[in-house]
Amino acid sequence: MSTVWDRRAKFYDLFEGSDLRRGPAKATLFREMMGRVLFLAVGTGVDIKHFPPARQIVAIDISEEMLRRAQPRRESYRGVLNFVQADALSLCFRDASFDTVITSCTMCSVPEPVRALRELRRVLRPDGLLLMFEHVRSRNPLLGLVLDLMTVLTRRTGTEMNRDTVGNAVEAGFRITQVESVFLDIILSMRAANRSLTAAAM
Amino acid sequence: MLGLHLALTLAVGMIVAMTIQMVLSLATAPVLGSIESMVPSMIAAMIIPMIVCLFDLVGITMRGSGVGALGIVGGAASFIMLKLYAHKCRKCFCCEFPQKEE
């Protein structure tokens, strides 16, 4: 898995670095990060410029090459930002060790998204916040079909365009509190709470 | 010709159109974003060959300039439809998730 992303690292900035539509939406979402933050799949660090300053962030990625390319951006961040090479499916962190967990275009690429989200829930505090900037399958049949067809090609490079990430988060035990459209109903900005908080309140 | 090999013509037309659109959308991806440029392109590439074949089915055979004009009209129509759908999506999510939790 990591080798696919090592290869994609060369072209990552070119195809995923667009800020025209995504930039403002990411900046708004990331502004909500608080306490100890886990950032999933930092890639080449294209999102770092949207991080609010003076935060304490641990950013992980499965690819060593991605992390290597992200180093200059890490050094430019005005806060604490540490990189760890890790797999989202088996995180090397203690239970309930983060206040905020953030994913950015990650759940399309993790082989078992529900398992990964359960792992995120494990490391997130019971009153913690999950922020997701993700692309998902459209609920519109025509757009959904387009994304299904695109997935036939993109699956080879490790990305699935037609995942139900909102549904997966709910299945993993999160309670979705807000969803905003960034591009149609395909690129979404989402906030979710650890469901155990709801259970504890009841 | 289209009438005789409708399914094949449609499939080939869609594949060619989608390939061209994919290359064009990859070229614009650094500015617009990969998904944002590819999804609308794919819709136009899927629907316009279908319309050409549909016209042929009812006896209207389109020539190059006609197909070009249809491409322009179809592209503009796709753009307007996506704008309307984007508005609907924003409204739907606002209704489904009305309150922002602090």
# chains A, B, ... in the order shown; residues from 1 in each chain; ligands from 1
>>> interface_residues(of="chain B", to="chain A", cutoff="6 Å", atoms="only C-alpha atoms", output="compact mmCIF listing (two decimals) with N, CA and C atoms, in the first residue's frame")
# COMPACT_ATOMS: atom_id res chain seq x y z
N ALA B 29 -7.02 20.21 -13.77
CA ALA B 29 -7.08 19.79 -12.35
C ALA B 29 -6.19 20.62 -11.42
N PRO B 30 -4.97 21.00 -11.83
CA PRO B 30 -4.15 21.78 -10.89
C PRO B 30 -4.80 23.09 -10.46
N VAL B 31 -5.68 23.63 -11.32
CA VAL B 31 -6.34 24.89 -10.97
C VAL B 31 -7.71 24.62 -10.31
N GLY B 33 -9.09 21.55 -9.41
CA GLY B 33 -9.23 20.37 -8.55
C GLY B 33 -9.61 19.18 -9.40
N SER B 34 -9.09 18.00 -9.06
CA SER B 34 -9.27 16.82 -9.92
C SER B 34 -10.74 16.40 -10.02
N ALA B 86 -26.09 21.97 -7.25
CA ALA B 86 -25.23 22.44 -6.15
C ALA B 86 -26.06 23.24 -5.14
N CYS B 89 -28.16 20.86 -3.16
CA CYS B 89 -27.34 20.13 -2.16
C CYS B 89 -27.10 20.99 -0.92
N ARG B 90 -26.74 22.25 -1.15
CA ARG B 90 -26.47 23.14 -0.01
C ARG B 90 -27.71 23.27 0.86
N PHE B 97 -28.84 19.08 8.64
CA PHE B 97 -27.95 19.38 9.78
C PHE B 97 -28.05 20.87 10.11
>>> residues_around(residues="Thr157 in chain A", least_positions_apart="4", cutoff="12 Å", atoms="only C-alpha atoms", output="PyMOL selection string")
chain A and resi 1-9+12+108-111+150-153+161
>>> atom_distance(atom1="CA of Asp61 in chain A", atom2="CA of Ala41 in chain A")
4.3 Å
>>> residues_around(residues="Phe55 in chain B", least_positions_apart="5", cutoff="12 Å", atoms="only C-alpha atoms", output="JSON, numbers by chain")
{"B": [2, 3, 6, 10, 48, 49, 50, 60, 61, 62, 63, 66, 67, 70]}
>>> residues_around(residues="Ala17 in chain B", least_positions_apart="5", cutoff="9 Å", atoms="only C-alpha atoms", output="number ranges by chain")
B: 12, 22, 42, 44-46, 48-49
>>> write_last_selection(atoms="N, CA and C atoms", output="mmCIF file, in the first residue's frame")
data_model
loop_
_atom_site.group_PDB
_atom_site.id
_atom_site.type_symbol
_atom_site.label_atom_id
_atom_site.label_comp_id
_atom_site.auth_asym_id
_atom_site.auth_seq_id
_atom_site.Cartn_x
_atom_site.Cartn_y
_atom_site.Cartn_z
ATOM 1 N N VAL B 12 -18.430 3.189 -28.271
ATOM 2 C CA VAL B 12 -17.170 3.779 -28.757
ATOM 3 C C VAL B 12 -17.194 5.302 -28.566
ATOM 4 N N MET B 22 -11.326 13.295 -20.033
ATOM 5 C CA MET B 22 -10.469 12.995 -18.878
ATOM 6 C C MET B 22 -9.111 13.688 -19.019
ATOM 7 N N MET B 42 -17.200 14.304 -17.289
ATOM 8 C CA MET B 42 -17.678 12.936 -17.537
ATOM 9 C C MET B 42 -19.172 12.925 -17.869
ATOM 10 N N ALA B 44 -20.907 15.319 -19.366
ATOM 11 C CA ALA B 44 -21.046 15.761 -20.763
ATOM 12 C C ALA B 44 -20.604 14.646 -21.714
ATOM 13 N N ALA B 45 -19.513 13.967 -21.367
ATOM 14 C CA ALA B 45 -18.985 12.907 -22.236
ATOM 15 C C ALA B 45 -19.898 11.692 -22.295
ATOM 16 N N MET B 46 -20.675 11.472 -21.253
ATOM 17 C CA MET B 46 -21.609 10.340 -21.266
ATOM 18 C C MET B 46 -22.896 10.683 -22.018
ATOM 19 N N ILE B 48 -23.762 13.346 -24.170
ATOM 20 C CA ILE B 48 -23.817 13.852 -25.550
ATOM 21 C C ILE B 48 -23.761 12.728 -26.601
ATOM 22 N N PRO B 49 -22.879 11.720 -26.449
ATOM 23 C CA PRO B 49 -22.959 10.604 -27.410
ATOM 24 C C PRO B 49 -24.313 9.886 -27.370
#
>>> residues_around(residues="range 45-54 of chain A", least_positions_apart="4", cutoff="8 Å", atoms="only C-alpha atoms", output="list in words")
Asp13, Glu16, Gly17, Gly23, Lys26, Ala27, Phe30, Arg31, Leu67, Arg69, Ala70, Gln71, Arg73, Arg74, Tyr77, Arg78, Gly79 and Val80 of chain A
>>> select_by_dssp(residues="range 8-132 of chain A", states="helix (DSSP H, G or I)", output="MDAnalysis selection string")
chainID A and resid 8:16 22:30 48:50 64:76 113:123
>>> closest_residue(among="B:Ala77, B:Ile72, B:Cys53, B:Leu82", to="His5 in chain B", atoms="only C-alpha atoms")
B:Cys53
>>> select_by_dssp(residues="range 28-113 of chain A", states="strand (DSSP E or B)", output="PyMOL selection string")
chain A and resi 36-40+56-61+80-85+98-104
>>> atom_distance(atom1="CA of Ile35 in chain B", atom2="CA of Leu91 in chain A")
28.7 Å
